[in-house]
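Everything below belongs to entry.csv, which stores CSV, C-alpha atoms.
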```csv
chain,number,residue,atom,x,y,z
X,1,MET,CA,8.5,-24.0,1.9
X,2,THR,CA,9.5,-22.7,-1.5
X,3,PRO,CA,8.9,-19.0,-2.3
X,4,ALA,CA,6.3,-20.1,-4.9
X,5,GLU,CA,4.4,-22.0,-2.2
X,6,ALA,CA,4.5,-19.1,0.1
X,7,ALA,CA,3.4,-16.8,-2.7
X,8,GLY,CA,0.3,-19.0,-3.2
X,9,HIS,CA,-0.7,-18.5,0.5
X,10,VAL,CA,0.1,-14.7,0.3
X,11,VAL,CA,-2.1,-14.3,-2.9
X,12,GLU,CA,-4.9,-16.0,-1.0
X,13,ALA,CA,-4.6,-13.5,1.9
X,14,LEU,CA,-4.3,-10.6,-0.5
X,15,SER,CA,-7.4,-11.7,-2.3
X,16,GLY,CA,-9.6,-11.5,0.8
X,17,GLY,CA,-8.5,-14.5,2.8
X,18,GLU,CA,-7.1,-14.6,6.3
X,19,PRO,CA,-4.3,-12.2,6.9
X,20,LEU,CA,-0.9,-13.8,7.5
X,21,VAL,CA,2.7,-12.8,8.3
X,22,GLU,CA,5.5,-14.1,6.1
X,23,VAL,CA,8.7,-14.8,8.1
X,24,VAL,CA,11.9,-15.3,6.1
X,25,VAL,CA,15.5,-15.9,7.1
X,26,VAL,CA,17.6,-13.0,5.7
X,27,GLY,CA,20.8,-13.7,7.7
X,28,THR,CA,22.1,-16.7,9.6
X,29,GLU,CA,25.2,-17.9,11.5
X,30,SER,CA,23.8,-21.3,12.2
X,31,LYS,CA,24.1,-24.4,10.0
X,32,GLU,CA,20.5,-25.6,10.8
X,33,VAL,CA,19.0,-22.3,9.7
X,34,ARG,CA,19.3,-21.5,6.1
X,35,LEU,CA,18.9,-18.3,4.2
X,36,GLY,CA,15.4,-18.0,2.6
X,37,GLU,CA,13.7,-20.5,4.9
X,38,ARG,CA,10.1,-19.5,5.5
X,39,LEU,CA,7.5,-19.7,8.1
X,40,LEU,CA,3.9,-18.4,7.5
X,41,VAL,CA,1.9,-17.4,10.6
X,42,TRP,CA,-1.9,-16.8,10.7
X,43,LYS,CA,-3.9,-15.9,13.7
X,44,GLY,CA,-4.3,-19.5,14.9
X,45,ARG,CA,-1.9,-21.6,12.9
X,46,SER,CA,1.3,-21.7,11.0
X,47,ALA,CA,3.0,-23.4,8.0
X,48,GLY,CA,6.6,-24.1,7.0
X,49,SER,CA,9.6,-23.9,9.2
X,50,LEU,CA,12.8,-21.8,9.7
X,51,GLY,CA,14.7,-25.0,10.4
X,52,ASP,CA,14.6,-25.0,14.2
X,53,VAL,CA,11.6,-25.6,16.4
X,54,MET,CA,12.6,-23.1,19.1
X,55,LEU,CA,13.3,-20.4,16.5
X,56,ASP,CA,9.9,-21.2,14.9
X,57,ARG,CA,8.2,-20.6,18.3
X,58,ALA,CA,10.0,-17.3,18.9
X,59,ALA,CA,9.4,-16.2,15.4
X,60,ALA,CA,5.7,-17.0,15.6
X,61,ALA,CA,5.4,-14.9,18.7
X,62,ALA,CA,7.0,-11.9,16.9
X,63,ALA,CA,4.8,-12.6,13.9
X,64,LYS,CA,1.7,-12.2,16.1
X,65,GLU,CA,2.8,-8.7,16.9
X,66,VAL,CA,3.3,-7.9,13.3
X,67,LEU,CA,-0.1,-9.3,12.5
X,68,GLU,CA,-1.6,-6.7,14.9
X,69,SER,CA,0.6,-3.7,14.0
X,70,ARG,CA,0.4,-4.4,10.2
X,71,CYS,CA,4.0,-3.1,10.0
X,72,SER,CA,6.8,-5.2,8.6
X,73,ARG,CA,10.0,-5.4,10.8
X,74,SER,CA,13.3,-7.1,11.2
X,75,VAL,CA,14.3,-9.1,14.3
X,76,GLN,CA,17.4,-10.9,15.4
X,77,ILE,CA,16.6,-14.2,17.2
X,78,GLY,CA,19.7,-16.1,18.3
X,79,ALA,CA,21.8,-16.7,15.2
X,80,ALA,CA,19.1,-15.8,12.8
X,81,SER,CA,18.1,-12.5,11.3
X,82,LEU,CA,14.5,-12.5,10.3
X,83,PHE,CA,12.3,-10.3,8.1
X,84,LEU,CA,8.6,-10.3,9.0
X,85,GLU,CA,6.1,-8.9,6.6
X,86,PRO,CA,2.3,-8.9,7.1
X,87,HIS,CA,0.0,-9.6,4.1
X,88,TYR,CA,-3.7,-8.6,4.5
X,89,PRO,CA,-6.6,-8.0,2.1
X,90,PRO,CA,-6.7,-4.6,0.5
X,91,ASP,CA,-8.6,-1.7,2.1
X,92,GLU,CA,-12.0,-1.0,0.6
X,93,LEU,CA,-12.8,2.2,-1.3
X,94,VAL,CA,-16.5,2.7,-1.7
X,95,ILE,CA,-17.5,5.4,-4.2
X,96,VAL,CA,-21.1,6.5,-4.1
X,97,GLY,CA,-22.0,8.1,-7.4
X,98,ALA,CA,-20.8,6.9,-10.7
X,99,GLY,CA,-20.4,10.3,-12.5
X,100,HIS,CA,-17.4,12.2,-14.0
X,101,ILE,CA,-15.3,12.3,-10.8
X,102,ALA,CA,-15.9,8.7,-10.0
X,103,ARG,CA,-14.2,7.3,-13.1
X,104,PRO,CA,-10.7,8.7,-12.5
X,105,LEU,CA,-11.3,8.1,-8.8
X,106,CYS,CA,-11.9,4.4,-9.4
X,107,ARG,CA,-8.8,4.2,-11.6
X,108,PHE,CA,-6.5,6.0,-9.2
X,109,GLY,CA,-7.9,4.2,-6.1
X,110,SER,CA,-7.3,0.9,-7.8
X,111,MET,CA,-3.7,1.9,-8.6
X,112,LEU,CA,-3.2,2.7,-5.0
X,113,GLY,CA,-4.2,-0.8,-4.0
X,114,PHE,CA,-7.8,-0.2,-2.9
X,115,ARG,CA,-10.5,-2.7,-3.7
X,116,VAL,CA,-13.0,-0.4,-5.3
X,117,THR,CA,-16.8,-0.6,-5.2
X,118,VAL,CA,-18.9,1.9,-7.2
X,119,LEU,CA,-22.5,2.6,-6.4
X,120,ASP,CA,-25.1,4.5,-8.4
X,121,ASP,CA,-28.9,4.3,-8.9
X,122,ARG,CA,-28.6,5.0,-12.7
X,123,PRO,CA,-28.2,1.8,-14.7
X,124,SER,CA,-26.5,3.6,-17.5
X,125,PHE,CA,-23.8,5.0,-15.2
X,126,ALA,CA,-23.3,2.0,-12.9
X,127,THR,CA,-21.7,-0.2,-15.6
X,128,ARG,CA,-18.6,-2.4,-15.9
X,129,GLU,CA,-17.6,-0.6,-19.0
X,130,ARG,CA,-17.3,2.8,-17.2
X,131,PHE,CA,-15.4,1.2,-14.3
X,132,PRO,CA,-13.1,-1.5,-15.6
X,133,GLU,CA,-10.8,-1.4,-12.5
X,134,ALA,CA,-13.6,-1.7,-10.0
X,135,ALA,CA,-14.0,-5.0,-8.0
X,136,LYS,CA,-17.8,-4.3,-7.9
X,137,VAL,CA,-20.2,-2.0,-9.7
X,138,ILE,CA,-23.5,-1.9,-8.0
X,139,ARG,CA,-26.8,-0.6,-9.2
X,140,ALA,CA,-28.0,0.8,-5.8
X,141,ASP,CA,-31.2,2.2,-4.5
X,142,PHE,CA,-30.3,5.5,-2.9
X,143,SER,CA,-33.1,5.1,-0.2
X,144,ASP,CA,-30.9,2.4,1.2
X,145,PRO,CA,-27.5,2.9,-0.6
X,146,PHE,CA,-25.3,0.5,1.4
X,147,ARG,CA,-27.5,-2.6,1.2
X,148,GLY,CA,-25.2,-5.5,0.4
X,149,VAL,CA,-22.1,-3.3,0.9
X,150,PRO,CA,-20.2,-4.2,4.1
X,151,LEU,CA,-18.6,-1.2,5.7
X,152,GLY,CA,-16.0,-1.6,8.4
X,153,ARG,CA,-12.8,-0.1,9.9
X,154,GLY,CA,-10.9,-0.6,6.7
X,155,SER,CA,-13.5,1.1,4.6
X,156,HIS,CA,-12.9,4.4,2.8
X,157,LEU,CA,-16.1,6.1,1.7
X,158,ILE,CA,-16.4,8.8,-0.9
X,159,LEU,CA,-19.7,10.6,-1.5
X,160,VAL,CA,-19.8,12.1,-5.0
X,161,THR,CA,-23.3,11.6,-6.3
X,162,ARG,CA,-25.1,13.8,-8.8
X,163,GLY,CA,-27.1,15.5,-6.1
X,164,HIS,CA,-26.3,16.9,-2.6
X,165,LYS,CA,-29.4,15.3,-1.3
X,166,TYR,CA,-28.1,11.8,-2.1
X,167,ASP,CA,-24.7,12.6,-0.6
X,168,TYR,CA,-26.4,13.9,2.5
X,169,ASP,CA,-28.7,10.9,2.8
X,170,ALA,CA,-25.8,8.5,2.4
X,171,LEU,CA,-23.7,10.4,4.9
X,172,ARG,CA,-26.6,10.4,7.4
X,173,ASP,CA,-27.1,6.7,6.8
X,174,VAL,CA,-23.5,5.8,7.5
X,175,LEU,CA,-23.2,8.1,10.5
X,176,LEU,CA,-26.4,6.7,12.1
X,177,ARG,CA,-24.8,3.2,11.8
X,178,GLY,CA,-22.1,4.4,14.1
X,179,VAL,CA,-19.4,2.4,12.3
X,180,ASP,CA,-15.9,3.8,12.6
X,181,LEU,CA,-14.6,4.0,9.0
X,182,ALA,CA,-11.1,4.7,8.0
X,183,TYR,CA,-12.2,7.7,5.9
X,184,ILE,CA,-15.4,9.5,5.0
X,185,GLY,CA,-15.3,12.3,2.4
X,186,MET,CA,-18.1,14.3,0.8
X,187,VAL,CA,-18.0,16.7,-2.1
X,188,GLY,CA,-19.7,20.1,-1.9
X,189,SER,CA,-19.1,23.8,-1.6
X,190,GLN,CA,-18.6,25.3,1.8
X,191,ARG,CA,-22.2,26.5,1.8
X,192,ARG,CA,-23.6,23.1,1.0
X,193,VAL,CA,-21.4,21.4,3.5
X,194,ARG,CA,-22.4,23.9,6.2
X,195,ALA,CA,-26.1,23.2,5.5
X,196,ALA,CA,-25.5,19.4,5.6
X,197,LEU,CA,-23.6,19.6,8.9
X,198,GLU,CA,-26.1,21.9,10.5
X,199,GLN,CA,-28.9,19.5,9.5
X,200,LEU,CA,-26.9,16.5,10.9
X,201,VAL,CA,-26.4,18.3,14.2
X,202,LYS,CA,-30.2,18.9,14.3
X,203,GLU,CA,-30.7,15.2,13.8
X,204,GLY,CA,-28.6,14.5,16.8
X,205,ILE,CA,-25.4,13.2,15.2
X,206,ALA,CA,-22.5,13.7,17.7
X,207,ARG,CA,-20.0,16.4,16.9
X,208,SER,CA,-17.2,13.9,17.4
X,209,ALA,CA,-18.6,11.8,14.5
X,210,LEU,CA,-18.9,14.9,12.2
X,211,GLU,CA,-15.2,15.8,13.0
X,212,LYS,CA,-14.2,12.7,11.1
X,213,VAL,CA,-15.9,13.7,7.9
X,214,TYR,CA,-13.7,15.3,5.2
X,215,ALA,CA,-16.1,17.8,3.6
X,216,PRO,CA,-15.5,19.6,1.4
X,217,ILE,CA,-13.4,16.7,0.2
X,218,GLY,CA,-9.8,16.7,-1.1
X,219,LEU,CA,-6.6,18.6,-0.7
X,220,ASP,CA,-6.2,22.2,-1.9
X,221,ILE,CA,-4.3,21.9,-5.2
X,222,GLY,CA,-6.5,24.1,-7.2
X,223,ALA,CA,-8.2,21.1,-8.9
X,224,GLU,CA,-10.8,21.9,-11.5
X,225,THR,CA,-11.3,19.0,-14.0
X,226,PRO,CA,-12.7,15.7,-12.9
X,227,GLU,CA,-9.3,14.1,-13.1
X,228,GLU,CA,-7.7,16.9,-11.1
X,229,ILE,CA,-10.4,16.6,-8.5
X,230,ALA,CA,-9.9,12.9,-8.3
X,231,ILE,CA,-6.2,13.4,-7.7
X,232,SER,CA,-6.9,15.9,-5.0
X,233,ILE,CA,-9.2,13.3,-3.3
X,234,VAL,CA,-6.8,10.3,-3.6
X,235,ALA,CA,-4.0,12.6,-2.3
X,236,GLU,CA,-6.2,13.1,0.8
X,237,LEU,CA,-6.7,9.3,1.1
X,238,VAL,CA,-2.9,8.9,1.0
X,239,ARG,CA,-2.4,11.6,3.5
X,240,VAL,CA,-4.9,10.0,5.9
X,241,ARG,CA,-3.4,6.6,5.4
X,242,ARG,CA,0.3,7.7,5.8
X,243,GLY,CA,-0.1,10.7,8.0
X,244,GLY,CA,1.5,13.5,5.9
X,245,THR,CA,0.8,17.2,6.1
X,246,GLY,CA,-0.2,17.8,2.4
X,247,VAL,CA,2.3,20.7,2.2
X,248,SER,CA,4.8,20.8,-0.6
X,249,LEU,CA,8.0,19.1,0.6
X,250,ARG,CA,9.9,22.1,-0.9
X,251,ASP,CA,8.2,24.4,1.5
X,252,GLN,CA,8.8,22.1,4.4
X,253,ALA,CA,12.5,21.5,3.8
X,254,ARG,CA,13.3,25.0,2.6
X,255,VAL,CA,16.7,23.8,1.2
X,256,LEU,CA,17.4,26.9,-0.9
X,257,GLU,CA,16.4,29.3,1.9
X,258,ARG,CA,18.3,27.5,4.6
X,259,TRP,CA,21.4,26.1,2.9
X,260,ILE,CA,22.2,27.9,-0.3
X,261,VAL,CA,23.8,31.2,0.3
X,262,ASP,CA,22.4,34.1,-1.5
X,263,PRO,CA,25.3,36.5,-2.4
X,264,ARG,CA,23.0,39.4,-2.5
X,265,LYS,CA,22.0,39.1,1.1
X,266,PRO,CA,24.2,39.2,4.3
X,267,ALA,CA,24.5,35.8,5.9
X,268,THR,CA,21.8,35.1,8.6
X,269,LYS,CA,21.9,32.6,11.3
X,270,GLU,CA,19.6,29.5,11.0
X,271,PRO,CA,16.9,30.1,13.6
I,272,MET,CA,-4.4,-4.8,-7.1
I,273,THR,CA,-1.2,-3.9,-5.3
I,274,GLU,CA,2.3,-4.4,-6.6
I,275,THR,CA,3.0,-7.1,-4.1
I,276,HIS,CA,-0.1,-9.0,-5.3
I,277,ILE,CA,0.9,-8.7,-8.9
I,278,VAL,CA,4.4,-10.0,-8.2
I,279,PHE,CA,3.2,-12.9,-6.1
I,280,ASP,CA,0.6,-13.8,-8.7
I,281,ALA,CA,3.3,-13.8,-11.3
I,282,ALA,CA,5.5,-16.1,-9.1
I,283,VAL,CA,2.7,-18.5,-8.6
I,284,ALA,CA,2.0,-18.6,-12.4
I,285,ALA,CA,5.7,-19.1,-13.2
I,286,ALA,CA,6.0,-22.0,-10.8
I,287,GLN,CA,2.8,-23.6,-12.1
I,288,ASP,CA,4.0,-23.4,-15.7
I,289,GLY,CA,7.5,-24.6,-14.7
I,290,ARG,CA,9.3,-21.4,-15.8
I,291,ARG,CA,12.5,-20.5,-14.1
I,292,ALA,CA,12.2,-17.4,-12.0
I,293,ILE,CA,13.9,-15.4,-9.2
I,294,LEU,CA,12.1,-13.5,-6.5
I,295,ALA,CA,14.0,-10.4,-5.2
I,296,THR,CA,12.8,-8.8,-1.9
I,297,ILE,CA,14.1,-5.7,-0.2
I,298,VAL,CA,14.6,-6.9,3.4
I,299,ARG,CA,16.6,-4.1,4.9
I,300,ALA,CA,16.9,-0.5,4.0
I,301,LYS,CA,18.8,2.4,5.6
I,302,GLY,CA,18.8,6.0,4.6
I,303,SER,CA,17.1,7.3,1.5
I,304,THR,CA,16.4,4.4,-0.9
I,305,PRO,CA,14.1,4.4,-4.0
I,306,ARG,CA,11.9,1.6,-2.7
I,307,GLY,CA,11.2,0.6,0.8
I,308,VAL,CA,11.4,-2.7,2.7
I,309,GLY,CA,9.1,-5.3,1.4
I,310,SER,CA,9.3,-4.1,-2.3
I,311,ARG,CA,9.6,-7.1,-4.6
I,312,MET,CA,10.5,-8.0,-8.1
I,313,LEU,CA,10.1,-11.2,-10.0
I,314,ILE,CA,12.6,-12.0,-12.7
I,315,ASP,CA,10.9,-14.5,-14.9
I,316,VAL,CA,13.5,-15.9,-17.3
I,317,GLU,CA,11.1,-16.2,-20.2
I,318,ARG,CA,8.8,-13.2,-19.4
I,319,GLY,CA,11.0,-10.6,-17.9
I,320,LEU,CA,10.5,-8.3,-14.9
I,321,VAL,CA,7.4,-7.9,-12.8
I,322,GLY,CA,7.6,-5.2,-10.1
I,323,THR,CA,10.7,-3.3,-9.1
I,324,VAL,CA,13.2,-3.0,-6.3
I,325,GLY,CA,14.1,0.6,-7.3
I,326,GLY,CA,15.5,0.5,-10.9
I,327,GLY,CA,18.8,1.9,-12.0
I,328,CYS,CA,22.2,0.6,-11.0
I,329,GLY,CA,20.9,-1.1,-7.8
I,330,GLU,CA,18.5,-3.2,-9.8
I,331,ALA,CA,21.1,-4.0,-12.3
I,332,GLN,CA,23.3,-5.3,-9.5
I,333,VAL,CA,20.3,-7.5,-8.3
I,334,ILE,CA,19.8,-8.9,-11.8
I,335,GLU,CA,23.5,-9.7,-12.0
I,336,ALA,CA,23.3,-11.7,-8.7
I,337,ALA,CA,20.0,-13.3,-9.8
I,338,LYS,CA,21.9,-15.0,-12.7
I,339,GLU,CA,24.2,-16.7,-10.2
I,340,VAL,CA,21.3,-17.7,-7.9
I,341,LEU,CA,19.5,-19.1,-10.9
I,342,GLU,CA,22.4,-21.3,-11.7
I,343,HIS,CA,23.4,-22.5,-8.3
I,344,GLY,CA,20.0,-22.4,-6.5
I,345,THR,CA,21.5,-21.0,-3.3
I,346,PRO,CA,19.7,-17.9,-2.0
I,347,GLN,CA,21.8,-14.8,-1.5
I,348,VAL,CA,21.5,-11.4,0.2
I,349,VAL,CA,23.0,-8.7,-1.9
I,350,ARG,CA,23.8,-5.3,-0.5
I,351,VAL,CA,23.1,-2.3,-2.7
I,352,ASP,CA,25.0,0.8,-1.7
I,353,LEU,CA,23.7,4.1,-3.0
I,354,THR,CA,25.8,6.3,-0.8
I,355,GLU,CA,28.2,7.5,-3.4
I,356,ASP,CA,29.2,11.1,-3.5
I,357,LEU,CA,25.9,13.0,-3.9
I,358,PHE,CA,27.4,15.3,-6.4
I,359,SER,CA,28.8,12.8,-8.8
I,360,TRP,CA,25.5,12.9,-10.7
I,361,SER,CA,25.7,9.1,-11.0
I,362,PRO,CA,22.3,7.5,-11.0
I,363,ALA,CA,23.1,5.9,-7.6
I,364,VAL,CA,22.7,9.0,-5.5
I,365,CYS,CA,19.7,8.3,-3.3
I,366,GLY,CA,22.0,8.2,-0.3
I,367,GLY,CA,20.9,4.9,1.2
I,368,ILE,CA,21.8,1.2,1.5
I,369,PHE,CA,19.5,-1.7,1.1
I,370,ASP,CA,19.7,-5.5,1.2
I,371,VAL,CA,17.9,-7.7,-1.3
I,372,LEU,CA,17.1,-11.3,-0.7
I,373,ILE,CA,17.4,-13.1,-4.0
I,374,GLU,CA,16.0,-16.6,-4.3
I,375,ARG,CA,14.9,-19.1,-6.9
I,376,ILE,CA,11.1,-19.6,-6.7
```

If you convert what's in this file into structure tokens, what do you get?
Amino acid sequence: MTPAEAAGHVVEALSGGEPLVEVVVVGTESKEVRLGERLLVWKGRSAGSLGDVMLDRAAAAAAKEVLESRCSRSVQIGAASLFLEPHYPPDELVIVGAGHIARPLCRFGSMLGFRVTVLDDRPSFATRERFPEAAKVIRADFSDPFRGVPLGRGSHLILVTRGHKYDYDALRDVLLRGVDLAYIGMVGSQRRVRAALEQLVKEGIARSALEKVYAPIGLDIGAETPEEIAISIVAELVRVRRGGTGVSLRDQARVLERWIVDPRKPATKEP
Amino acid sequence: MTETHIVFDAAVAAAQDGRRAILATIVRAKGSTPRGVGSRMLIDVERGLVGTVGGGCGEAQVIEAAKEVLEHGTPQVVRVDLTEDLFSWSPAVCGGIFDVLIERI
């Protein structure tokens, strides 16, 4: 299979098709197995070949694990060194509310590889022109905001409507569904958030479900403008996705403090 | 759209239009490298670069090897070594090594 043929299948997977693992030979000491040979592995089928049936079989087994873990890896099987990379459709980012923060959010989210959906009940706000990077812009009815919007484990939900009541209703709606989302965040001052959470507890929403809600939304970077707030929110999305701390790397590594001797101070031992 | 998606789209388009192009993929990385494993770049002879495997000297080395692969058609794995003396102030100071698979599409 040529790289271009493989690319065609990968594009299909990335555009919402069935996830696949691309297996490619990146090192070989066998004459049958050539550099660059490819095998594509889906859940129940495969295409292409690495040049050896037994190798294909072993590679397909390794590919199944990669399909599950979603993490690329290298494996050595016999004389062949293989690179396995999963390709799956992008994560969903659903932005409820199409106001000032939503615009840069949609742009940054799209830059980060999310497939962005924007919802609002105001026709003049929920427009293509305002959200050129969005996959979908939906004129929603806030009494049933998620109608026609599938929410699942890969979904990231951001509640930034013009009114706390709408944010609250949408949050309540999604929590009552009991779907385990990748991320839920809601804007609001500490006071507003407290009122919302108290109300949700009264309505019988489990504490464990509320613990997953990022409210107030975003990382503390002192954001004020809509663009800055959007950065603070997408930074939180990255942190949740990759598992960082949100702390400045400088303050974590403390290179100056630990390694660069200050002549004004007596030398101290590294704790 | 993710970078991978953009690069693969460009590869499909180049193949459909019959343009000559090279796909470069980082398949191994050790230490600190500008881009991670799975980063890709398409070198379309007529349209230029799509995506990146890290820029700078390493990428220049990849483009150099790509010319050879384009000519002979045999894929290659090129090792880019960025472990030069950290204080030489050369652009290649990330401190890592990575391997790039270079192949004609």

Checklist entry - Looking at all atoms listed in the file, which of I:Val348, I:Ile376, I:Ala300, I:Cys328 is the one that sits closest to I:Asp315? => result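 Counting all atoms listed in the file, the residue closest to I:Asp315 is I:Ile376.
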
Checklist entry - Any idea what the distance is between atom CA of X:Val66 and atom CA of X:Leu157? => result 26.6 Å

Give me, as JSON lines, each residue of chain I that comes within 6 Å of chain X, together with its shortest interatomic pair and the distance in Å at one decimal, counting all atoms listed in the file, with rows ordered by chain and rising residue number.
```
{"residue": "I:Met272", "atom": "CA", "partner": "X:Gly113", "partner_atom": "CA", "distance": 5.1}
{"residue": "I:Thr273", "atom": "CA", "partner": "X:Gly113", "partner_atom": "CA", "distance": 4.5}
{"residue": "I:Phe279", "atom": "CA", "partner": "X:Ala7", "partner_atom": "CA", "distance": 5.2}
{"residue": "I:Ala282", "atom": "CA", "partner": "X:Ala4", "partner_atom": "CA", "distance": 5.9}
{"residue": "I:Val283", "atom": "CA", "partner": "X:Ala4", "partner_atom": "CA", "distance": 5.4}
{"residue": "I:Ile376", "atom": "CA", "partner": "X:Pro3", "partner_atom": "CA", "distance": 5.0}
```

Those same residues, written as a PDB file, keeping the file's coordinate frame with C-alpha atoms?
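Contents of part_35.pdb, as written:
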```
ATOM      1  CA  MET I 272      -4.400  -4.800  -7.100  1.00  0.00           C
ATOM      2  CA  THR I 273      -1.200  -3.900  -5.300  1.00  0.00           C
ATOM      3  CA  PHE I 279       3.200 -12.900  -6.100  1.00  0.00           C
ATOM      4  CA  ALA I 282       5.500 -16.100  -9.100  1.00  0.00           C
ATOM      5  CA  VAL I 283       2.700 -18.500  -8.600  1.00  0.00           C
ATOM      6  CA  ILE I 376      11.100 -19.600  -6.700  1.00  0.00           C
TER       7      ILE I 376
END
```

Checklist entry - From the list X:Ala79, X:Arg192, X:Asp91, X:Met54, which residue is nearest X:Gly16 when using all atoms listed in the file? => result X:Asp91

Checklist entry - Using all atoms listed in the file, which of the listed residues (X:Lys43, X:Arg130, X:Arg191, X:His156) sits closest to X:Glu236? => result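 The shortest atom-to-atom distance to X:Glu236 comes from X:His156.
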
Checklist entry - How many Å separate atom CA of X:Ile233 from atom CA of X:Gly218? => result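 Atom CA of X:Gly218 lies 4.1 Å from atom CA of X:Ile233.
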
Checklist outcome for this item: re atom CA of I:Asp280 and atom CA of X:Ala62: distance 26.5 Å

Checklist entry - Using all atoms listed in the file, which residues sit within 12 Å of I:His343 once same-chain residues fewer than 3 positions away are excluded, as a VMD selection string? => result chain I and resid 293 336 to 340 346 to 347 373 to 375

Checklist entry - Please, which residues are within 12 Å of (10.5, -16.4, 18.7) by the file's coordinates, counting all atoms listed in the file, and could they come as a list in words? => result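 The distance filter leaves exactly Val23, Leu39, Val41, Leu50, Asp52, Val53, Met54, Leu55, Asp56, Arg57, Ala58, Ala59, Ala60, Ala61, Ala62, Ala63, Lys64, Glu65, Val75, Gln76, Ile77, Gly78, Ala79, Ala80, Ser81, Leu82 and Leu84 of chain X.
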
Item to check | Among listed residues I:Gly322, I:Gly289, I:Gly366, I:Gly309, nearest X:Cys71 (using all atoms listed in the file) | outcome: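 For X:Cys71, the nearest of the candidates is I:Gly309.
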
Checklist entry - For I:Glu317, which residue out of I:Ile334, I:Leu341, I:Lys301, I:Arg290 is the nearest one, using all atoms listed in the file? => result I:Arg290

Checklist entry - Between I:Met312, I:Val349, I:Ala331, I:Val321, which is the closest to I:Thr296 once you count only C-alpha atoms? => result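 Smallest distance to I:Thr296 is found for I:Met312.
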
Next on the checklist: Neighbouring residues of I:Val333 were defined as those with any atom within 9 Å, considering all atoms listed in the file; residues of the same chain fewer than 6 positions away were excluded. Please report them as a VMD selection string.
Outcome noted: chain I and resid 295 324 349 to 351 371 373

Can you sort out stretch 196-207 of chain X so it carries N, CA and C atoms, written as a CSV table (one decimal), in the frame of the given file?
```csv
chain,number,residue,atom,x,y,z
X,196,ALA,N,-25.4,20.9,5.3
X,196,ALA,CA,-25.5,19.4,5.6
X,196,ALA,C,-25.1,19.2,7.1
X,197,LEU,N,-24.0,19.8,7.5
X,197,LEU,CA,-23.6,19.6,8.9
X,197,LEU,C,-24.6,20.1,9.9
X,198,GLU,N,-25.1,21.3,9.6
X,198,GLU,CA,-26.1,21.9,10.5
X,198,GLU,C,-27.3,20.9,10.6
X,199,GLN,N,-27.7,20.4,9.5
X,199,GLN,CA,-28.9,19.5,9.5
X,199,GLN,C,-28.6,18.2,10.3
X,200,LEU,N,-27.3,17.7,10.2
X,200,LEU,CA,-26.9,16.5,10.9
X,200,LEU,C,-26.9,16.7,12.4
X,201,VAL,N,-26.4,17.9,12.8
X,201,VAL,CA,-26.4,18.3,14.2
X,201,VAL,C,-27.8,18.3,14.7
X,202,LYS,N,-28.7,18.9,13.9
X,202,LYS,CA,-30.2,18.9,14.3
X,202,LYS,C,-30.7,17.5,14.5
X,203,GLU,N,-30.2,16.6,13.7
X,203,GLU,CA,-30.7,15.2,13.8
X,203,GLU,C,-30.1,14.4,14.9
X,204,GLY,N,-29.2,15.1,15.6
X,204,GLY,CA,-28.6,14.5,16.8
X,204,GLY,C,-27.3,13.7,16.6
X,205,ILE,N,-26.7,13.9,15.4
X,205,ILE,CA,-25.4,13.2,15.2
X,205,ILE,C,-24.3,14.0,16.1
X,206,ALA,N,-23.5,13.2,16.8
X,206,ALA,CA,-22.5,13.7,17.7
X,206,ALA,C,-21.5,14.5,16.9
X,207,ARG,N,-21.0,15.6,17.5
X,207,ARG,CA,-20.0,16.4,16.9
X,207,ARG,C,-18.7,15.6,16.6
```
